[in-house]
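Quick look at structure.txt (compact mmCIF, C-alpha atoms and all ligand atoms):
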```txt
# COMPACT_ATOMS: atom_id res chain seq x y z
CA MET A 14 -6.67 26.06 36.47
CA HIS A 15 -3.45 26.53 34.48
CA LYS A 16 -1.47 29.35 36.12
CA HIS A 17 2.11 29.13 34.86
CA SER A 18 4.34 28.79 31.80
CA GLU A 19 7.17 26.24 31.85
CA TYR A 20 8.80 27.83 28.82
CA MET A 21 8.75 31.41 30.10
CA HIS A 22 10.16 30.32 33.45
CA TRP A 23 12.95 28.49 31.63
CA ALA A 24 13.60 31.52 29.39
CA LYS A 25 13.85 33.83 32.39
CA THR A 26 16.15 31.56 34.39
CA GLN A 27 18.05 29.26 31.99
CA GLN A 28 18.32 30.95 28.60
CA ARG A 29 21.50 32.91 29.14
CA ALA A 30 25.00 31.58 28.77
CA ARG A 31 28.30 32.91 27.47
CA TYR A 32 27.14 31.84 23.99
CA THR A 33 23.38 32.26 23.96
CA LEU A 34 21.73 30.71 20.91
CA ALA A 35 18.46 30.41 22.83
CA THR A 36 17.09 33.82 21.79
CA SER A 37 14.08 34.43 19.57
CA GLY A 38 14.35 38.12 18.74
CA VAL A 39 17.27 40.32 17.76
CA GLY A 40 19.65 41.92 20.25
CA ALA A 41 18.83 45.13 22.08
CA CYS A 42 18.61 48.24 19.91
CA PRO A 43 20.89 51.02 21.30
CA ILE A 44 18.79 53.93 22.56
CA GLU A 45 20.69 56.35 20.28
CA GLU A 46 19.17 54.61 17.25
CA LEU A 47 15.74 56.04 18.17
CA ALA A 48 17.07 59.61 17.89
CA PHE A 49 14.66 60.35 20.73
CA ASP A 50 14.69 63.88 22.13
CA ALA A 51 14.78 63.23 25.89
CA SER A 52 13.48 66.72 26.64
CA ARG A 53 10.15 65.53 25.20
CA LEU A 54 9.78 62.79 27.79
CA ALA A 55 6.62 63.08 29.90
CA ILE A 56 5.19 60.85 32.59
CA HIS A 57 1.53 61.35 31.71
CA GLY A 58 -0.36 61.72 28.48
CA ASP A 59 -3.83 61.42 27.01
CA ASN A 60 -3.86 57.65 26.58
CA SER A 61 -6.91 56.13 28.32
CA TYR A 62 -7.88 54.19 25.19
CA GLY A 63 -4.57 54.44 23.36
CA TYR A 64 -2.16 57.33 22.82
CA ALA A 65 -3.40 58.79 19.52
CA PRO A 66 0.03 59.36 17.89
CA LEU A 67 1.01 55.77 18.67
CA VAL A 68 -2.30 54.33 17.51
CA SER A 69 -1.95 56.35 14.28
CA ALA A 70 1.62 55.13 13.75
CA ILE A 71 0.54 51.49 14.16
CA ALA A 72 -2.47 52.03 11.89
CA ALA A 73 -0.30 53.67 9.21
CA LYS A 74 2.26 50.87 9.30
CA ALA A 75 -0.47 48.21 8.95
CA ALA A 76 -2.56 50.30 6.49
CA VAL A 77 -5.67 49.99 8.66
CA ASP A 78 -8.14 52.40 10.23
CA PRO A 79 -7.03 53.55 13.74
CA ASP A 80 -10.35 52.17 15.08
CA CYS A 81 -8.97 48.67 14.39
CA VAL A 82 -5.93 49.15 16.66
CA VAL A 83 -5.70 48.14 20.32
CA THR A 84 -2.36 48.78 22.03
CA ALA A 85 -1.03 46.27 24.57
CA GLN A 86 2.03 45.37 26.64
CA GLY A 87 3.96 43.39 24.04
CA THR A 88 2.62 40.63 21.84
CA SER A 89 2.28 38.51 24.98
CA PHE A 90 -0.44 40.64 26.45
CA ALA A 91 -1.88 41.38 23.01
CA ASN A 92 -2.38 37.63 22.53
CA TYR A 93 -3.92 37.20 25.96
CA LEU A 94 -6.29 40.14 25.52
CA ALA A 95 -7.33 39.03 22.03
CA MET A 96 -7.95 35.45 23.17
CA ALA A 97 -9.80 36.55 26.29
CA ALA A 98 -12.08 38.74 24.18
CA LEU A 99 -12.66 36.06 21.53
CA ILE A 100 -13.43 32.97 23.62
CA ASP A 101 -15.36 31.90 26.67
CA HIS A 102 -14.40 29.27 29.23
CA GLY A 103 -14.75 25.80 27.67
CA ASP A 104 -14.68 27.01 24.05
CA GLU A 105 -12.76 24.86 21.58
CA VAL A 106 -9.61 26.39 20.09
CA ILE A 107 -7.42 24.87 17.36
CA VAL A 108 -3.69 25.59 17.68
CA GLU A 109 -0.82 24.72 15.35
CA HIS A 110 1.70 22.06 16.39
CA PRO A 111 4.54 22.74 17.06
CA ALA A 112 3.52 25.95 18.83
CA TYR A 113 5.01 28.73 20.92
CA GLY A 114 4.27 27.59 24.48
CA LEU A 115 2.78 30.83 25.72
CA LEU A 116 -0.09 30.56 23.23
CA LEU A 117 -1.09 27.28 24.81
CA ASP A 118 -0.51 28.52 28.36
CA ALA A 119 -2.72 31.57 27.81
CA LEU A 120 -5.49 29.45 26.28
CA LEU A 121 -5.34 26.89 29.09
CA HIS A 122 -5.43 29.70 31.62
CA LEU A 123 -8.58 30.98 29.93
CA GLY A 124 -10.15 27.53 30.24
CA ALA A 125 -10.17 26.75 26.51
CA THR A 126 -10.48 23.21 25.19
CA VAL A 127 -7.35 23.08 23.05
CA LYS A 128 -7.11 20.90 19.93
CA ARG A 129 -4.16 20.75 17.58
CA PHE A 130 -3.42 20.62 13.87
CA PRO A 131 0.00 19.58 12.59
CA ARG A 132 2.55 21.58 10.63
CA HIS A 133 4.82 18.91 9.16
CA GLU A 134 8.60 19.09 9.27
CA GLU A 135 8.86 17.27 5.92
CA ASP A 136 6.83 20.11 4.33
CA GLY A 137 9.05 22.75 5.93
CA TYR A 138 6.31 23.32 8.56
CA ALA A 139 4.10 24.83 5.85
CA LEU A 140 0.62 25.92 6.86
CA ASN A 141 -1.89 23.50 5.32
CA PRO A 142 -5.56 24.63 5.33
CA ALA A 143 -6.71 21.00 4.89
CA GLU A 144 -5.07 20.10 8.24
CA VAL A 145 -6.90 22.99 9.91
CA ARG A 146 -10.23 21.88 8.44
CA ARG A 147 -9.60 18.28 9.56
CA ALA A 148 -9.07 19.42 13.16
CA MET A 149 -12.14 21.65 13.28
CA THR A 150 -15.47 20.66 14.81
CA PRO A 151 -18.78 22.52 15.03
CA ARG A 152 -17.61 23.71 18.46
CA THR A 153 -14.44 25.46 17.19
CA ARG A 154 -14.47 29.16 18.10
CA LEU A 155 -10.87 30.15 17.36
CA ILE A 156 -7.87 29.05 15.28
CA VAL A 157 -4.41 30.21 16.43
CA ILE A 158 -1.27 30.34 14.30
CA THR A 159 2.03 32.20 14.11
CA ASN A 160 3.42 33.81 10.94
CA LEU A 161 6.37 33.58 10.71
CA HIS A 162 6.03 30.25 12.46
CA ASN A 163 7.74 29.98 15.83
CA PRO A 164 9.90 27.84 16.07
CA SER A 165 10.69 27.18 12.37
CA SER A 166 10.32 30.68 10.80
CA ALA A 167 8.24 29.18 7.96
CA LEU A 168 6.34 31.88 6.07
CA ALA A 169 2.66 31.18 5.32
CA GLY A 170 1.41 32.07 1.85
CA GLU A 171 -1.42 34.57 1.51
CA ALA A 172 -3.55 31.99 -0.33
CA GLU A 173 -3.33 29.53 2.59
CA LEU A 174 -4.03 32.26 5.14
CA ARG A 175 -7.00 33.46 3.13
CA GLU A 176 -8.40 29.93 2.91
CA ILE A 177 -8.11 29.45 6.69
CA ALA A 178 -9.64 32.88 7.31
CA GLU A 179 -12.57 31.90 5.10
CA THR A 180 -12.95 28.53 6.87
CA ALA A 181 -13.05 30.36 10.21
CA ARG A 182 -15.62 32.86 8.95
CA GLU A 183 -17.89 30.13 7.58
CA ALA A 184 -17.76 28.36 10.95
CA GLY A 185 -18.55 31.55 12.89
CA ALA A 186 -15.06 31.36 14.42
CA HIS A 187 -12.04 33.70 14.37
CA LEU A 188 -8.48 33.28 13.16
CA LEU A 189 -5.77 34.77 15.39
CA VAL A 190 -2.42 35.26 13.64
CA ASP A 191 0.56 36.18 15.82
CA GLU A 192 2.75 38.21 13.43
CA VAL A 193 5.50 39.20 15.83
CA TYR A 194 8.19 37.84 13.46
CA LEU A 195 6.64 38.90 10.15
CA ASP A 196 8.85 41.96 9.70
CA ALA A 197 11.84 39.63 9.54
CA VAL A 198 10.81 39.07 5.93
CA PHE A 199 13.05 41.91 4.86
CA GLU A 200 11.98 42.08 1.21
CA ASN A 201 8.41 42.16 -0.08
CA THR A 202 7.18 41.97 3.51
CA PRO A 203 3.66 40.54 3.38
CA ARG A 204 0.81 42.71 4.61
CA SER A 205 -0.87 41.75 7.86
CA ALA A 206 -3.32 38.83 7.59
CA PHE A 207 -5.84 41.23 9.15
CA HIS A 208 -6.60 42.32 5.56
CA LEU A 209 -7.74 38.82 4.60
CA GLY A 210 -11.25 38.95 6.02
CA PRO A 211 -13.52 39.97 8.88
CA ALA A 212 -12.78 36.86 10.96
CA VAL A 213 -9.06 37.66 11.25
CA VAL A 214 -7.43 39.22 14.30
CA THR A 215 -3.66 39.77 14.35
CA THR A 216 -1.10 40.65 17.00
CA SER A 217 2.40 42.06 16.81
CA SER A 218 4.91 44.33 18.53
CA LEU A 219 8.20 46.17 18.20
CA THR A 220 9.84 43.65 20.53
CA LYS A 221 11.35 40.87 18.47
CA ILE A 222 12.49 42.20 15.13
CA TYR A 223 13.37 45.73 16.21
CA GLY A 224 15.25 44.88 19.40
CA LEU A 225 12.90 47.13 21.41
CA SER A 226 11.50 44.62 23.86
CA GLY A 227 11.89 47.02 26.78
CA LEU A 228 9.35 49.43 25.27
CA ARG A 229 6.70 46.67 25.42
CA CYS A 230 5.00 48.24 22.39
CA GLY A 231 2.49 45.61 21.26
CA TRP A 232 -0.83 45.79 19.44
CA ILE A 233 -3.88 43.95 18.18
CA LEU A 234 -5.63 44.57 14.85
CA ALA A 235 -9.32 43.67 15.00
CA ALA A 236 -12.59 44.81 13.41
CA PRO A 237 -13.76 47.98 15.23
CA PRO A 238 -16.54 46.38 17.38
CA LEU A 239 -14.09 43.71 18.52
CA ALA A 240 -11.36 46.28 19.08
CA ARG A 241 -13.76 48.26 21.29
CA ALA A 242 -14.59 45.09 23.25
CA MET A 243 -10.84 44.50 23.78
CA TRP A 244 -10.31 48.03 25.05
CA ARG A 245 -13.19 47.50 27.49
CA LEU A 246 -11.75 44.18 28.63
CA ASN A 247 -8.38 45.89 29.10
CA ASP A 248 -10.09 48.18 31.63
CA VAL A 249 -10.03 45.20 34.00
CA PHE A 250 -6.23 45.10 33.83
CA ALA A 251 -4.92 48.64 33.40
CA ALA A 252 -5.97 52.23 33.94
CA SER A 253 -3.46 53.41 31.35
CA PRO A 254 -0.30 52.29 29.53
CA VAL A 255 3.22 53.49 30.49
CA HIS A 256 3.40 56.83 28.73
CA PRO A 257 7.20 57.25 28.46
CA GLY A 258 7.18 53.91 26.59
CA GLU A 259 4.50 55.22 24.24
CA LEU A 260 6.52 58.37 23.47
CA MET A 261 9.63 56.36 22.71
CA SER A 262 7.64 53.93 20.60
CA VAL A 263 6.30 56.80 18.49
CA ALA A 264 9.94 57.84 17.94
CA ALA A 265 10.77 54.28 16.88
CA PHE A 266 7.94 54.22 14.32
CA ALA A 267 9.40 57.36 12.73
CA ARG A 268 12.62 55.41 12.03
CA LEU A 269 11.28 51.91 11.52
CA ASP A 270 12.85 51.36 8.08
CA HIS A 271 16.24 52.48 9.37
CA LEU A 272 15.93 50.20 12.42
CA ARG A 273 14.98 47.25 10.26
CA GLU A 274 17.92 47.73 7.90
CA ARG A 275 20.20 47.71 10.91
CA VAL A 276 18.66 44.43 12.07
CA ARG A 277 18.94 42.88 8.64
CA ARG A 278 22.69 43.52 8.68
CA ILE A 279 22.90 41.65 11.99
CA VAL A 280 20.66 38.68 11.13
CA GLU A 281 21.90 37.82 7.65
CA PRO A 282 25.49 36.84 8.50
CA ASP A 283 24.06 34.54 11.19
CA ARG A 284 21.75 32.92 8.65
CA ALA A 285 24.69 32.32 6.30
CA SER A 286 26.70 30.72 9.13
CA LEU A 287 23.77 28.52 10.12
CA ALA A 288 23.31 27.36 6.51
CA ALA A 289 27.00 26.43 6.31
CA PHE A 290 26.72 24.65 9.65
CA LEU A 291 23.72 22.62 8.49
CA ASP A 292 25.53 21.76 5.25
CA THR A 293 28.47 20.29 7.14
CA HIS A 294 26.81 18.64 10.17
CA PRO A 295 24.75 15.55 9.36
CA GLN A 296 23.96 15.20 13.09
CA VAL A 297 21.24 17.84 12.60
CA SER A 298 18.83 18.99 9.92
CA ALA A 299 16.30 21.79 9.58
CA PRO A 300 14.05 23.29 6.93
CA ARG A 301 15.93 26.33 5.55
CA THR A 302 14.16 29.66 5.39
CA ARG A 303 15.21 32.99 3.96
CA TYR A 304 13.34 34.71 6.78
CA GLY A 305 13.11 35.02 10.51
CA THR A 306 15.32 34.91 13.53
CA THR A 307 14.88 31.28 14.60
CA ALA A 308 15.47 27.81 13.14
CA PHE A 309 14.20 24.49 14.48
CA LEU A 310 16.82 21.76 14.29
CA ARG A 311 16.20 18.02 14.47
CA LEU A 312 18.93 16.18 16.36
CA HIS A 313 19.18 12.85 14.59
CA ASP A 314 20.65 11.13 17.60
CA GLY A 315 18.01 12.58 19.99
CA PRO A 316 16.51 13.30 22.48
CA ALA A 317 17.92 16.81 22.60
CA ASP A 318 17.88 17.42 26.37
CA ALA A 319 21.03 15.40 27.14
CA PHE A 320 22.86 17.07 24.24
CA LEU A 321 21.78 20.56 25.36
CA ASP A 322 22.85 19.83 28.95
CA ARG A 323 26.31 18.84 27.67
CA LEU A 324 26.41 21.89 25.40
CA ARG A 325 25.67 24.13 28.35
CA SER A 326 27.90 22.52 30.96
CA ARG A 327 30.97 21.85 28.77
CA TYR A 328 30.66 24.53 26.12
CA GLU A 329 28.79 27.41 27.83
CA THR A 330 26.27 27.48 24.98
CA THR A 331 22.46 27.36 25.11
CA ALA A 332 19.65 26.61 22.66
CA VAL A 333 15.94 26.13 23.44
CA PRO A 334 14.94 22.50 24.14
CA GLY A 335 12.36 21.16 21.71
CA ARG A 336 10.30 19.82 24.63
CA PHE A 337 8.95 23.37 24.99
CA PHE A 338 7.48 22.86 21.52
CA GLU A 339 6.36 19.30 22.38
CA MET A 340 9.13 17.96 20.12
CA PRO A 341 11.89 16.64 22.42
CA GLY A 342 14.09 15.45 19.54
CA HIS A 343 14.56 19.04 18.34
CA PHE A 344 15.99 22.32 19.55
CA ARG A 345 15.60 25.96 18.52
CA VAL A 346 18.45 28.26 17.60
CA GLY A 347 18.10 32.06 17.53
CA MET A 348 19.90 34.54 15.26
CA GLY A 349 20.45 38.29 15.28
CA VAL A 350 22.19 39.16 18.53
CA ASP A 351 25.94 39.15 17.87
CA HIS A 352 27.59 37.42 14.95
CA GLU A 353 30.81 36.49 16.73
CA MET A 354 28.83 34.94 19.57
CA PHE A 355 26.62 33.05 17.15
CA ALA A 356 29.53 31.69 15.11
CA GLU A 357 31.39 30.64 18.25
CA GLY A 358 28.21 29.01 19.64
CA LEU A 359 27.91 26.95 16.45
CA ARG A 360 31.59 25.98 16.66
CA ARG A 361 31.01 24.78 20.20
CA MET A 362 27.93 22.86 19.11
CA SER A 363 30.13 21.11 16.59
CA LEU A 364 32.56 20.16 19.38
CA ALA A 365 29.67 18.90 21.51
CA PHE A 366 28.60 16.60 18.64
CA SER A 367 32.01 15.07 18.33
CA ASP A 368 32.70 14.53 22.02
CA GLY A 369 29.50 12.46 22.29
CA ALA A 370 28.52 11.54 25.83
CA ALA A 371 32.13 10.69 26.71
C1 LIG B 1 5.19 33.81 18.66
C2 LIG B 1 5.49 34.75 19.79
N1 LIG B 1 4.55 35.60 20.20
C3 LIG B 1 4.77 36.46 21.20
C4 LIG B 1 5.99 36.51 21.84
C5 LIG B 1 6.19 37.49 22.95
O1 LIG B 1 6.40 38.74 22.40
P1 LIG B 1 6.53 40.07 23.25
O2 LIG B 1 7.94 40.15 23.70
O3 LIG B 1 6.17 41.13 22.24
O4 LIG B 1 5.58 40.02 24.38
C6 LIG B 1 7.00 35.65 21.46
C7 LIG B 1 8.29 35.66 22.17
O5 LIG B 1 9.14 34.82 22.02
C8 LIG B 1 6.75 34.75 20.40
O6 LIG B 1 7.70 33.90 20.00
```
Go ahead and render the structure in this file as structure tokens.
Amino acid sequence: MHKHSEYMHWAKTQQRARYTLATSGVGACPIEELAFDASRLAIHGDNSYGYAPLVSAIAAKAAVDPDCVVTAQGTSFANYLAMAALIDHGDEVIVEHPAYGLLLDALLHLGATVKRFPRHEEDGYALNPAEVRRAMTPRTRLIVITNLHNPSSALAGEAELREIAETAREAGAHLLVDEVYLDAVFENTPRSAFHLGPAVVTTSSLTKIYGLSGLRCGWILAAPPLARAMWRLNDVFAASPVHPGELMSVAAFARLDHLRERVRRIVEPDRASLAAFLDTHPQVSAPRTRYGTTAFLRLHDGPADAFLDRLRSRYETTAVPGRFFEMPGHFRVGMGVDHEMFAEGLRRMSLAFSDGAA
């Protein structure tokens, strides 16, 4: 039985450096930004099956009925709970490639038979419903994708998502869309794919785009009978959520637009620097996006591991090795923490290109 995650262990032990470009979400939001009245903090609350003000805030943001909301510890546990409710041991699950490692780890832990469908670099990692259909068999119970796509930040169109949702429904399967990065589409933010049909389940959180990882405020959107089944499954894991985190999360929802504007001001200069870097460094290439906090770079003189080792040891700079996305010739760069650090990290990457393996 699969009982570990190589990527998460790496992230917890190897990600940090003086110039950390190995992040996926934005930097920590200062507590003052929540304008939280600390005198309202309480240790316990009425939250056995969700703290009503938090469930309502999530439902209002997603424009869904509160009965469709299941709260969870971050998107990580939301994904696990959703998958565990949707599949049985041995069920076939189709997952995008390249994929965020934890999605695969959770599925393997649950005993799924995992099959893949490709998202092609030459198409900017676009989501192609025909590729999903090609990978499906009569045994497929679940399709798993990310939107925005981790690692590339590609945005899926609503038409493609709708087509895949319909394919899943016709097959008696579900479509799980991890939307943890979707709010990094700062203008005309698409609605949750949950609205695209009864076979769709989505997950998200305040962790990545709002810099509020410590609150662990995650959620699942699912049709009410499924949502109830997920709450019941959650009984196996937890008597109740951490209430102080729920109270602070409610405060965050009251200022979500303000928090997102703040984040936008941090991410966009990084994106401009990355674009200039890609324009001037033929050693790497990547599909450009106007969204998201990550980019997936191909190192033309790969594999990337030796380059990243040199970048770390000589230049105190880290990026995520592509091997964690089953693409060892690539690496992932993260934006939105600190512009000076990001710009200096890129400058050091440039030096690491030119000093070769000398
Ligand atoms: C696609 C995806 N889903 C989920 C997570 C984990 O999110 P959380 O911190 O909300 O548990 C990550 C973190 O990198 C991610 O990239």
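Compared by their closest atoms to ligand LIG 1 (chain B), and using only C-alpha atoms and all ligand atoms, the residues A:Gly224, A:Pro151, A:Pro341, A:Gly63 rank with A:Gly224 nearest.
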task: Would you kindly return, as a ChimeraX atom specification, each protein, DNA or RNA residue with an atom no farther than 10 Å from any atom of range 284-295 of chain A, considering only C-alpha atoms and excluding same-chain residues fewer than 6 positions away?
output: /A:301-308,310,312-313,346-349,352,355-356,359-360,362-363,366
message: Using only C-alpha atoms, list the residues that have an atom at most 9 Å from (-8.6, 23.5, 3.8), coordinates as in the file, as a PyMOL selection string.
response: chain A and resi 141-147+173+176-177+180
message: Any residue with an atom at most 10 Å from ligand LIG 1 (chain B) counts, using only C-alpha atoms and all ligand atoms. Which are they? Put them as a VMD selection string.
response: chain A and resid 20 to 21 24 36 to 38 85 to 93 112 to 116 158 to 164 166 190 to 194 216 to 222 224 to 232 307
message: as a count of residues only, please: the residues near range 316-325 of chain A (cut-off 12 Å, only C-alpha atoms, same-chain neighbours under 2 positions excluded).
response: 50
